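Engineer: Below you'll find the structure I mean.
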Amino acid sequence: MQLTSRLALMNWLTGQGLTGLPENELLRGFCERCRAEGLELSRGLLVIDTLHPIYEGRGFRWSDRPSNESDLFEYRSTAEGDAAENWRRSVFFHMLEHGHDEMVIDLADAPSMDFSQLGELAEKGHKHYLAFVHRFGENGALGLMDCLYSCWTTRRDSGFSESELVALRDLVPVLGLAIKSAQQVDIARTLGRVYLGRGASEQVLGGRISRGVTERINAVLWYSDLRGSTGISESIGPDEIIPFLNDYAQAVIDAIHDAGGDVLKLIGDGVLAMFTGEDMAHARRAALRAEHLSRKNVAELNARRTTDGRPITSAYIGLHVGEVFYGNIGSEDRLDFTVVGPTVNEVSRIASMSRSVDRELLASAEFYKGLDAAGRRYLVSTGRYALRGIGRAQDLYTLDPEVDSSEPVTGSYERYLAG
C-alpha cells in the first residue's frame, strides 16, 4: 500500500472516529479500504476489555466471505471454566505472557501449534496470520481496558509481504485509537446507566451537571424495601448477605425497568424509583404493572431459593404521586442526580406503613384518585392513617384480595395492566 493511500486511510479513520462511527463499521470500512488498495485481508478481529457489570469485553469481526458469525460480540469473564481454557490457549495470551507486541504465523504450521482457532482458520483457507497487542500504558488504561488485541489474515499463498506488514503496523494503531475512543464513550454511558439510572444518566451525559440545576416535575414515586431483611442478614453467613440482597434487587429492578420506570437510588435494601410521562394516569398504571411484575419475579425467585435451601422474603411497596424537584443536589465536588421534596418523604412513610397493615402494596389517596375508573376497581381502602412526620392523615389503598384469589379477577387485572 502506497504512502498516500495509508495517509488517506488514516485520515478516514480519524474522521470517522471523531464522528462516532460504530466499531464494527470502523473495522469493516478499514478492511474494505485495505483490500481496495491491494492489501488482501481475508479476516480481521479486534478485541478490547471494557468496564461493564456483566461483560469483560467486546470483540468485532470482519470477513471477506459471508459468515454466520456476528460482526460484534461480547464475552463474560475469562477467569474460569472453558472460557479460561480457551483464553490460555490463545495467541493473545501467549503474547502477553512472553511480552510480544506482534506475532506472524504461517497457518500451514497450525497443526503443530497448541493455539486455539488457528487450525480452524487454516481449514477455511486462510494462509497467513498476523497478531498485535497494543498496550495503552498507565495513563491510558481504564480498569481492565489496558490494551487492544487484533489479528489479521490473508488467503494469498505467499502470505503478507513485508511492505504489507509495514502498512498494517502503521494503520492498526490508528484504527485502535478510534476503537478505544468509541469504547470510552460506551463505558461512560454504561457507568452512568448502572450507577445513576437510565433517566438521570441521560440528563448528566446530556450536560446537566451544574449544582442546583433542577426542575419541578410531576411523578409517580415508588419506594420498596424487603420484609425482615435485617433479621435474615443476621441469621446467614456474611458471604451470603450480598447475594441475598442482589437476588431481590434484581427481581424488583427488572420489574421497574420492564414497566418503563426509572430507578433513582438504592438505599440499603430499599429502591426509590419513578414513573413519568405526559399522561399521569398512564404512569400510575405503569407503576401498578411494575408492582405486579415484581411480585411475579419475587415468587419465582423464592421458589428457586427454597429449592436451594436459602432464606426467602418479599418486598413492601409504597406508591405515591406528586411534585418533586429533579436534578443535581449536593456539594461542588459530590453531586447526586435525584428527586427531593415532601412527596419523596411521604412515599417512604407509606411503604413503611405496609408492615403495620401487613400488606405488600400501599398506595396513597393521590395515587388512587388519579387512576381511571377501571383501575380504581382493583384497589380497596385499608383505612385512614396519620403518617409519621406528615401533617395530614389520608386513606391508603391496597390491591383487592380477589386479584390474587379469583382467577377471573386476576385475568381481568392483568388485561388492565397490559393496557
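FYI, nothing fancy with the C-alpha cells labels: chains A, B, ... in order, residues from 1 per chain, ligands from 1 as they appear.
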List as JSON lines every residue of stretch 356-380 of chain A that is in contact with stretch 277-290 of chain A, defined as an atom at most 8 Å from one of its atoms (using only C-alpha atoms), together with the nearest atom pair and the distance in Å rounded to one decimal, sorted by chain and then rising number.
Structural biologist:
```
{"residue": "A:Phe367", "atom": "CA", "partner": "A:Arg284", "partner_atom": "CA", "distance": 7.0}
{"residue": "A:Gly370", "atom": "CA", "partner": "A:Ala281", "partner_atom": "CA", "distance": 6.0}
{"residue": "A:Leu371", "atom": "CA", "partner": "A:Ala281", "partner_atom": "CA", "distance": 5.5}
{"residue": "A:Asp372", "atom": "CA", "partner": "A:Ala281", "partner_atom": "CA", "distance": 6.8}
{"residue": "A:Gly375", "atom": "CA", "partner": "A:Arg285", "partner_atom": "CA", "distance": 7.6}
```
Engineer: Could you save the residues just selected, with N, CA and C atoms, as an mmCIF file, in the first residue's frame?
Structural biologist:
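The result, written out as part00.cif:
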```cif
data_model
loop_
_atom_site.group_PDB
_atom_site.id
_atom_site.type_symbol
_atom_site.label_atom_id
_atom_site.label_comp_id
_atom_site.auth_asym_id
_atom_site.auth_seq_id
_atom_site.Cartn_x
_atom_site.Cartn_y
_atom_site.Cartn_z
ATOM 1 N N PHE A 367 -52.571 8.801 44.595
ATOM 2 C CA PHE A 367 -52.359 7.794 43.547
ATOM 3 C C PHE A 367 -53.700 7.203 43.123
ATOM 4 N N GLY A 370 -56.134 9.433 40.953
ATOM 5 C CA GLY A 370 -55.732 9.699 39.573
ATOM 6 C C GLY A 370 -55.867 8.509 38.640
ATOM 7 N N LEU A 371 -56.214 7.334 39.184
ATOM 8 C CA LEU A 371 -56.450 6.177 38.318
ATOM 9 C C LEU A 371 -57.774 6.348 37.582
ATOM 10 N N ASP A 372 -57.888 5.707 36.419
ATOM 11 C CA ASP A 372 -59.177 5.704 35.748
ATOM 12 C C ASP A 372 -60.134 4.792 36.520
ATOM 13 N N GLY A 375 -59.129 1.155 36.830
ATOM 14 C CA GLY A 375 -58.040 0.878 37.761
ATOM 15 C C GLY A 375 -58.482 0.932 39.208
#
```
Engineer: Would you pick out the contacts of A:Thr398 at 7 Å or less, using only C-alpha atoms, so that residues sharing its chain but fewer than 5 positions from it are not included, and give the list as a list of chain:residue names?
Structural biologist: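 Selected residues are A:Leu361, A:Leu362, A:Ala363, A:Leu379, A:Val380, A:Ser381, A:Thr382.
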Engineer: Put those residues in a file: N, CA, C and O atoms, as a PDB file, in the first residue's frame.
Structural biologist:
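Output file result-v9.pdb is given in full below:
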```pdb
ATOM      1  N   LEU A 361     -48.465  -4.039  49.277  1.00  0.00           N
ATOM      2  CA  LEU A 361     -48.607  -2.811  48.495  1.00  0.00           C
ATOM      3  C   LEU A 361     -49.505  -1.832  49.229  1.00  0.00           C
ATOM      4  O   LEU A 361     -50.586  -2.191  49.690  1.00  0.00           O
ATOM      5  N   LEU A 362     -49.063  -0.594  49.328  1.00  0.00           N
ATOM      6  CA  LEU A 362     -49.905   0.506  49.797  1.00  0.00           C
ATOM      7  C   LEU A 362     -49.743   1.679  48.834  1.00  0.00           C
ATOM      8  O   LEU A 362     -48.612   2.042  48.463  1.00  0.00           O
ATOM      9  N   ALA A 363     -50.865   2.246  48.446  1.00  0.00           N
ATOM     10  CA  ALA A 363     -50.871   3.402  47.552  1.00  0.00           C
ATOM     11  C   ALA A 363     -51.595   4.555  48.225  1.00  0.00           C
ATOM     12  O   ALA A 363     -52.555   4.355  48.982  1.00  0.00           O
ATOM     13  N   LEU A 379     -58.431  -1.622  43.589  1.00  0.00           N
ATOM     14  CA  LEU A 379     -57.843  -1.190  44.852  1.00  0.00           C
ATOM     15  C   LEU A 379     -58.935  -0.997  45.897  1.00  0.00           C
ATOM     16  O   LEU A 379     -60.053  -0.569  45.579  1.00  0.00           O
ATOM     17  N   VAL A 380     -58.619  -1.300  47.144  1.00  0.00           N
ATOM     18  CA  VAL A 380     -59.551  -1.123  48.257  1.00  0.00           C
ATOM     19  C   VAL A 380     -58.837  -0.362  49.369  1.00  0.00           C
ATOM     20  O   VAL A 380     -57.617  -0.450  49.529  1.00  0.00           O
ATOM     21  N   SER A 381     -59.611   0.377  50.144  1.00  0.00           N
ATOM     22  CA  SER A 381     -59.047   1.161  51.239  1.00  0.00           C
ATOM     23  C   SER A 381     -58.650   0.253  52.395  1.00  0.00           C
ATOM     24  O   SER A 381     -59.362  -0.694  52.739  1.00  0.00           O
ATOM     25  N   THR A 382     -57.535   0.580  53.013  1.00  0.00           N
ATOM     26  CA  THR A 382     -57.114  -0.127  54.231  1.00  0.00           C
ATOM     27  C   THR A 382     -57.397   0.713  55.468  1.00  0.00           C
ATOM     28  O   THR A 382     -57.131   0.287  56.592  1.00  0.00           O
TER      29      THR A 382
END
```
Engineer: Which neighbours of stretch 131-148 of chain A fall inside 9 Å, counting only C-alpha atoms, when residues of the same chain fewer than 5 positions from it are skipped, and could you give them as an MDAnalysis selection string?
Structural biologist: chainID A and resid 46:51 56:57 91:92 95:96 100:105 153 169 172:173 176 179:180 184
Engineer: By how many Å are atom CA of A:Gln394 and atom CA of A:Tyr326 apart?
Structural biologist: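 Between atom CA of A:Gln394 and atom CA of A:Tyr326 the gap is 25.2 Å.
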Engineer: To test your reading of the structure, identify every residue in stretch 98-285 of chain A that backbone DSSP assigns to helix (DSSP H, G or I), and report it as number ranges by chain.
Structural biologist: A: 98, 107-112, 118-123, 162-196, 198-205, 229-235, 238-258, 280-285
Engineer: Hey, which of A:Leu107, A:Gly38, A:Leu272, A:Val204 ends up closest to A:Gly192? Count only C-alpha atoms.
Structural biologist: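 The answer is A:Val204, which sits nearest to A:Gly192.
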Engineer: With distances taken over only C-alpha atoms, which of A:Glu120, A:Asp109, A:Glu80, A:Glu164 is nearest to A:Leu39?
Structural biologist: A:Glu164
Engineer: Which residues are close to A:Arg216, i.e. within 8 Å by only C-alpha atoms, leaving aside same-chain residues fewer than 2 positions away? Reply as a PyMOL selection string.
Structural biologist: chain A and resi 214+218+323-326
Engineer: Show which residues sit within 6 Å of stretch 258-269 of chain A, as an MDAnalysis selection string. Count only C-alpha atoms, and ignore same-chain residues fewer than 4 positions away.
Structural biologist: chainID A and resid 197 225 254 273:275 286 290
Engineer: Find, counting only C-alpha atoms, the residue in A:Gly59, A:Gly81, A:Gly29, A:Gly318 that gets nearest to A:Trp222.
Structural biologist: A:Gly318
Engineer: Please provide the set of residues having any atom within 9 Å of A:Ser201, restricted to only C-alpha atoms, with same-chain residues fewer than 3 positions apart removed, written as a ChimeraX atom specification.
Structural biologist: /A:189-198,204-206,337
Engineer: Write out the residues from the selection above, keeping N, CA and C atoms, as a compact mmCIF listing (two decimals), in the first residue's frame.
Structural biologist:
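File again36.txt, as written:
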```
# COMPACT_ATOMS: atom_id res chain seq x y z
N ARG A 189 -21.39 5.80 29.18
CA ARG A 189 -22.84 5.58 29.16
C ARG A 189 -23.24 4.41 30.05
N THR A 190 -22.44 3.34 30.02
CA THR A 190 -22.74 2.18 30.85
C THR A 190 -22.67 2.53 32.33
N LEU A 191 -21.58 3.20 32.74
CA LEU A 191 -21.42 3.54 34.15
C LEU A 191 -22.51 4.51 34.59
N GLY A 192 -22.87 5.45 33.72
CA GLY A 192 -23.94 6.37 34.07
C GLY A 192 -25.25 5.64 34.27
N ARG A 193 -25.57 4.73 33.35
CA ARG A 193 -26.84 3.99 33.44
C ARG A 193 -26.87 3.09 34.66
N VAL A 194 -25.73 2.43 34.96
CA VAL A 194 -25.69 1.48 36.07
C VAL A 194 -25.73 2.18 37.42
N TYR A 195 -24.99 3.28 37.55
CA TYR A 195 -24.85 3.91 38.86
C TYR A 195 -25.81 5.08 39.09
N LEU A 196 -26.31 5.70 38.03
CA LEU A 196 -27.22 6.82 38.19
C LEU A 196 -28.66 6.47 37.85
N GLY A 197 -28.86 5.46 37.01
CA GLY A 197 -30.18 5.16 36.49
C GLY A 197 -30.30 5.69 35.08
N ARG A 198 -31.24 5.15 34.34
CA ARG A 198 -31.32 5.46 32.92
C ARG A 198 -31.66 6.93 32.66
N VAL A 204 -27.37 13.73 32.88
CA VAL A 204 -25.99 14.10 33.21
C VAL A 204 -25.11 14.09 31.97
N LEU A 205 -25.19 13.02 31.18
CA LEU A 205 -24.36 12.94 29.98
C LEU A 205 -24.81 13.94 28.92
N GLY A 206 -26.04 14.42 29.06
CA GLY A 206 -26.51 15.46 28.16
C GLY A 206 -26.03 16.85 28.54
N PHE A 337 -27.84 13.06 41.29
CA PHE A 337 -28.94 13.45 40.41
C PHE A 337 -30.14 12.62 40.84
```
Engineer: Excluding A:Arg415 and residues on its chain fewer than 4 positions from it, collect all residues at most 12 Å away from it, counting only C-alpha atoms, and give them as a ChimeraX atom specification.
Structural biologist: /A:285,289,292,374-375,403,408-411,419
Engineer: Output the selection as a short mmCIF file (atom, residue, chain, number, x, y, z; two decimals), in the first residue's frame - all heavy atoms for each residue.
Structural biologist:
```cif
data_model
loop_
_atom_site.label_atom_id
_atom_site.label_comp_id
_atom_site.auth_asym_id
_atom_site.auth_seq_id
_atom_site.Cartn_x
_atom_site.Cartn_y
_atom_site.Cartn_z
N ARG A 285 -50.63 3.50 35.94
CA ARG A 285 -50.84 2.12 35.50
C ARG A 285 -49.50 1.40 35.33
O ARG A 285 -49.36 0.23 35.67
CB ARG A 285 -51.61 2.09 34.18
CG ARG A 285 -51.97 0.68 33.75
CD ARG A 285 -52.69 0.63 32.41
NE ARG A 285 -53.93 1.37 32.43
CZ ARG A 285 -54.88 1.26 31.50
NH1 ARG A 285 -54.69 0.43 30.48
NH2 ARG A 285 -55.97 1.96 31.57
N ARG A 289 -48.23 -1.99 37.04
CA ARG A 289 -47.68 -3.09 36.24
C ARG A 289 -46.34 -3.54 36.82
O ARG A 289 -46.05 -4.74 36.92
CB ARG A 289 -47.51 -2.65 34.79
CG ARG A 289 -47.08 -3.78 33.85
CD ARG A 289 -46.88 -3.29 32.42
NE ARG A 289 -48.03 -2.53 31.95
CZ ARG A 289 -48.00 -1.27 31.56
NH1 ARG A 289 -46.85 -0.60 31.57
NH2 ARG A 289 -49.09 -0.68 31.14
N HIS A 292 -46.92 -5.59 39.90
CA HIS A 292 -47.39 -6.94 39.54
C HIS A 292 -46.22 -7.80 39.05
O HIS A 292 -46.07 -8.96 39.46
CB HIS A 292 -48.46 -6.81 38.45
CG HIS A 292 -49.14 -8.10 38.11
ND1 HIS A 292 -49.96 -8.77 38.98
CD2 HIS A 292 -49.11 -8.86 36.97
CE1 HIS A 292 -50.41 -9.88 38.41
NE2 HIS A 292 -49.91 -9.94 37.19
N ALA A 374 -61.55 2.08 35.75
CA ALA A 374 -61.21 0.65 35.67
C ALA A 374 -60.12 0.30 36.68
O ALA A 374 -60.18 -0.74 37.34
CB ALA A 374 -60.75 0.30 34.26
N GLY A 375 -59.13 1.15 36.83
CA GLY A 375 -58.04 0.88 37.76
C GLY A 375 -58.48 0.93 39.21
O GLY A 375 -58.04 0.13 40.04
N VAL A 403 -57.85 -10.05 43.57
CA VAL A 403 -56.89 -10.04 42.47
C VAL A 403 -56.00 -11.28 42.51
O VAL A 403 -55.60 -11.82 41.48
CB VAL A 403 -56.03 -8.75 42.51
CG1 VAL A 403 -54.87 -8.85 41.53
CG2 VAL A 403 -56.89 -7.55 42.18
N PRO A 408 -60.78 -15.23 37.50
CA PRO A 408 -61.36 -14.23 36.59
C PRO A 408 -60.88 -12.82 36.89
O PRO A 408 -60.60 -12.03 35.98
CB PRO A 408 -62.86 -14.38 36.81
CG PRO A 408 -63.04 -15.78 37.29
CD PRO A 408 -61.84 -16.05 38.14
N VAL A 409 -60.79 -12.47 38.19
CA VAL A 409 -60.35 -11.12 38.55
C VAL A 409 -58.87 -10.96 38.22
O VAL A 409 -58.44 -9.90 37.74
CB VAL A 409 -60.62 -10.85 40.05
CG1 VAL A 409 -60.10 -9.45 40.43
CG2 VAL A 409 -62.09 -10.95 40.35
N THR A 410 -58.09 -11.99 38.48
CA THR A 410 -56.66 -11.94 38.14
C THR A 410 -56.47 -11.67 36.66
O THR A 410 -55.68 -10.81 36.25
CB THR A 410 -55.96 -13.25 38.53
OG1 THR A 410 -56.09 -13.46 39.92
CG2 THR A 410 -54.48 -13.21 38.15
N GLY A 411 -57.21 -12.42 35.84
CA GLY A 411 -57.10 -12.24 34.39
C GLY A 411 -57.53 -10.85 33.96
O GLY A 411 -56.89 -10.22 33.10
N GLY A 419 -52.93 -2.71 29.28
CA GLY A 419 -53.37 -1.52 28.58
C GLY A 419 -54.36 -1.77 27.48
O GLY A 419 -54.53 -0.93 26.59
#
```
Engineer: With only C-alpha atoms as the basis for distance, which of A:Thr343, A:Ser42, A:Thr338, A:Ser5 is at the shortest distance from A:Phe160?
Structural biologist: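 Selected residue with least distance to A:Phe160: A:Ser42.
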Engineer: When DSSP works through the backbone of this structure, what residues of stretch 82-143 of chain A end up as strand (DSSP E), shown as a list in words?
Structural biologist: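 Put together, the selection reads Glu102, Met103, Val104, Ile105, Asp106, His128, Tyr129, Leu130, Ala131, Phe132, Val133, His134 and Arg135 of chain A.
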Engineer: Export all heavy atoms of the chosen residues as a compact mmCIF listing (two decimals), in the first residue's frame?
Structural biologist:
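The result, stored in result_8.txt:
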```txt
# COMPACT_ATOMS: atom_id res chain seq x y z
N GLU A 102 3.88 -8.38 18.68
CA GLU A 102 3.48 -8.81 17.33
C GLU A 102 3.88 -10.27 17.13
O GLU A 102 4.93 -10.71 17.61
CB GLU A 102 4.17 -7.92 16.29
CG GLU A 102 3.94 -8.33 14.85
CD GLU A 102 4.76 -7.47 13.88
OE1 GLU A 102 4.86 -6.24 14.10
OE2 GLU A 102 5.29 -8.04 12.91
N MET A 103 3.05 -11.02 16.42
CA MET A 103 3.38 -12.38 16.02
C MET A 103 2.89 -12.62 14.60
O MET A 103 1.76 -12.24 14.26
CB MET A 103 2.76 -13.42 16.95
CG MET A 103 3.52 -13.65 18.23
SD MET A 103 2.89 -15.07 19.18
CE MET A 103 3.42 -16.43 18.11
N VAL A 104 3.76 -13.22 13.78
CA VAL A 104 3.40 -13.59 12.41
C VAL A 104 3.49 -15.10 12.32
O VAL A 104 4.51 -15.69 12.70
CB VAL A 104 4.34 -12.92 11.39
CG1 VAL A 104 3.94 -13.32 9.98
CG2 VAL A 104 4.33 -11.41 11.55
N ILE A 105 2.42 -15.75 11.84
CA ILE A 105 2.37 -17.21 11.83
C ILE A 105 1.94 -17.69 10.45
O ILE A 105 0.94 -17.20 9.88
CB ILE A 105 1.37 -17.74 12.88
CG1 ILE A 105 1.82 -17.33 14.29
CG2 ILE A 105 1.22 -19.25 12.80
CD1 ILE A 105 0.81 -17.65 15.38
N ASP A 106 2.68 -18.63 9.92
CA ASP A 106 2.28 -19.33 8.69
C ASP A 106 1.26 -20.38 9.12
O ASP A 106 1.58 -21.30 9.89
CB ASP A 106 3.50 -19.98 8.04
CG ASP A 106 3.17 -20.62 6.71
OD1 ASP A 106 1.98 -20.90 6.44
OD2 ASP A 106 4.11 -20.88 5.93
N HIS A 128 -2.02 -16.92 6.12
CA HIS A 128 -1.03 -16.20 6.90
C HIS A 128 -1.75 -15.42 8.00
O HIS A 128 -2.84 -14.87 7.77
CB HIS A 128 -0.26 -15.23 5.99
CG HIS A 128 1.15 -15.00 6.39
ND1 HIS A 128 1.90 -13.94 5.94
CD2 HIS A 128 1.98 -15.70 7.21
CE1 HIS A 128 3.12 -14.00 6.45
NE2 HIS A 128 3.19 -15.05 7.22
N TYR A 129 -1.15 -15.35 9.18
CA TYR A 129 -1.82 -14.80 10.37
C TYR A 129 -0.88 -13.79 11.02
O TYR A 129 0.31 -14.06 11.26
CB TYR A 129 -2.12 -15.94 11.32
CG TYR A 129 -2.74 -15.60 12.65
CD1 TYR A 129 -4.12 -15.68 12.83
CD2 TYR A 129 -1.96 -15.24 13.74
CE1 TYR A 129 -4.70 -15.40 14.06
CE2 TYR A 129 -2.53 -14.96 14.97
CZ TYR A 129 -3.90 -15.04 15.13
OH TYR A 129 -4.46 -14.78 16.35
N LEU A 130 -1.42 -12.61 11.31
CA LEU A 130 -0.67 -11.55 11.97
C LEU A 130 -1.45 -11.08 13.18
O LEU A 130 -2.64 -10.77 13.08
CB LEU A 130 -0.46 -10.37 11.00
CG LEU A 130 0.08 -9.07 11.59
CD1 LEU A 130 1.51 -9.24 12.12
CD2 LEU A 130 0.02 -7.95 10.54
N ALA A 131 -0.81 -11.04 14.35
CA ALA A 131 -1.48 -10.61 15.58
C ALA A 131 -0.71 -9.46 16.21
O ALA A 131 0.52 -9.42 16.17
CB ALA A 131 -1.59 -11.76 16.57
N PHE A 132 -1.46 -8.52 16.78
CA PHE A 132 -0.88 -7.39 17.50
C PHE A 132 -1.48 -7.31 18.90
O PHE A 132 -2.65 -7.62 19.11
CB PHE A 132 -1.20 -6.06 16.81
CG PHE A 132 -0.56 -5.85 15.48
CD1 PHE A 132 -1.34 -5.76 14.33
CD2 PHE A 132 0.81 -5.70 15.35
CE1 PHE A 132 -0.77 -5.55 13.10
CE2 PHE A 132 1.40 -5.48 14.13
CZ PHE A 132 0.60 -5.41 12.98
N VAL A 133 -0.67 -6.86 19.86
CA VAL A 133 -1.17 -6.41 21.16
C VAL A 133 -0.65 -4.99 21.35
O VAL A 133 0.56 -4.76 21.44
CB VAL A 133 -0.69 -7.30 22.32
CG1 VAL A 133 -1.12 -6.70 23.65
CG2 VAL A 133 -1.22 -8.71 22.18
N HIS A 134 -1.56 -4.02 21.35
CA HIS A 134 -1.19 -2.62 21.55
C HIS A 134 -1.56 -2.23 22.98
O HIS A 134 -2.74 -2.15 23.33
CB HIS A 134 -1.90 -1.72 20.55
CG HIS A 134 -1.39 -1.87 19.15
ND1 HIS A 134 -2.03 -2.64 18.19
CD2 HIS A 134 -0.27 -1.39 18.56
CE1 HIS A 134 -1.35 -2.59 17.06
NE2 HIS A 134 -0.28 -1.85 17.25
N ARG A 135 -0.55 -2.03 23.81
CA ARG A 135 -0.76 -1.70 25.22
C ARG A 135 -0.99 -0.20 25.37
O ARG A 135 -0.38 0.60 24.68
CB ARG A 135 0.44 -2.15 26.05
CG ARG A 135 0.60 -3.68 26.06
CD ARG A 135 1.96 -4.10 26.62
NE ARG A 135 2.04 -5.54 26.78
CZ ARG A 135 2.34 -6.38 25.80
NH1 ARG A 135 2.57 -5.92 24.58
NH2 ARG A 135 2.41 -7.68 26.04
```
Engineer: What is the distance, in Å and to one decimal place, between atom CA of A:Ala79 and atom CA of A:Ser116?
Structural biologist: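 Separation between atom CA of A:Ala79 and atom CA of A:Ser116: 16.6 Å.
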Engineer: Taking only C-alpha atoms into account, which of A:Pro401, A:Gly212, A:Gly17, A:Pro342 comes nearest A:Glu360?
Structural biologist: A:Pro401
Engineer: State, in Å with one decimal place, the distance from atom CA of A:Leu3 to atom CA of A:Ser63.
Structural biologist: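 Straight-line distance from atom CA of A:Leu3 to atom CA of A:Ser63 works out to 24.9 Å.
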Engineer: Closest to A:Ile390 among A:Arg349, A:Arg43, A:His320, A:Lys124, using only C-alpha atoms?
Structural biologist: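 The closest residue to A:Ile390 is A:Arg349.
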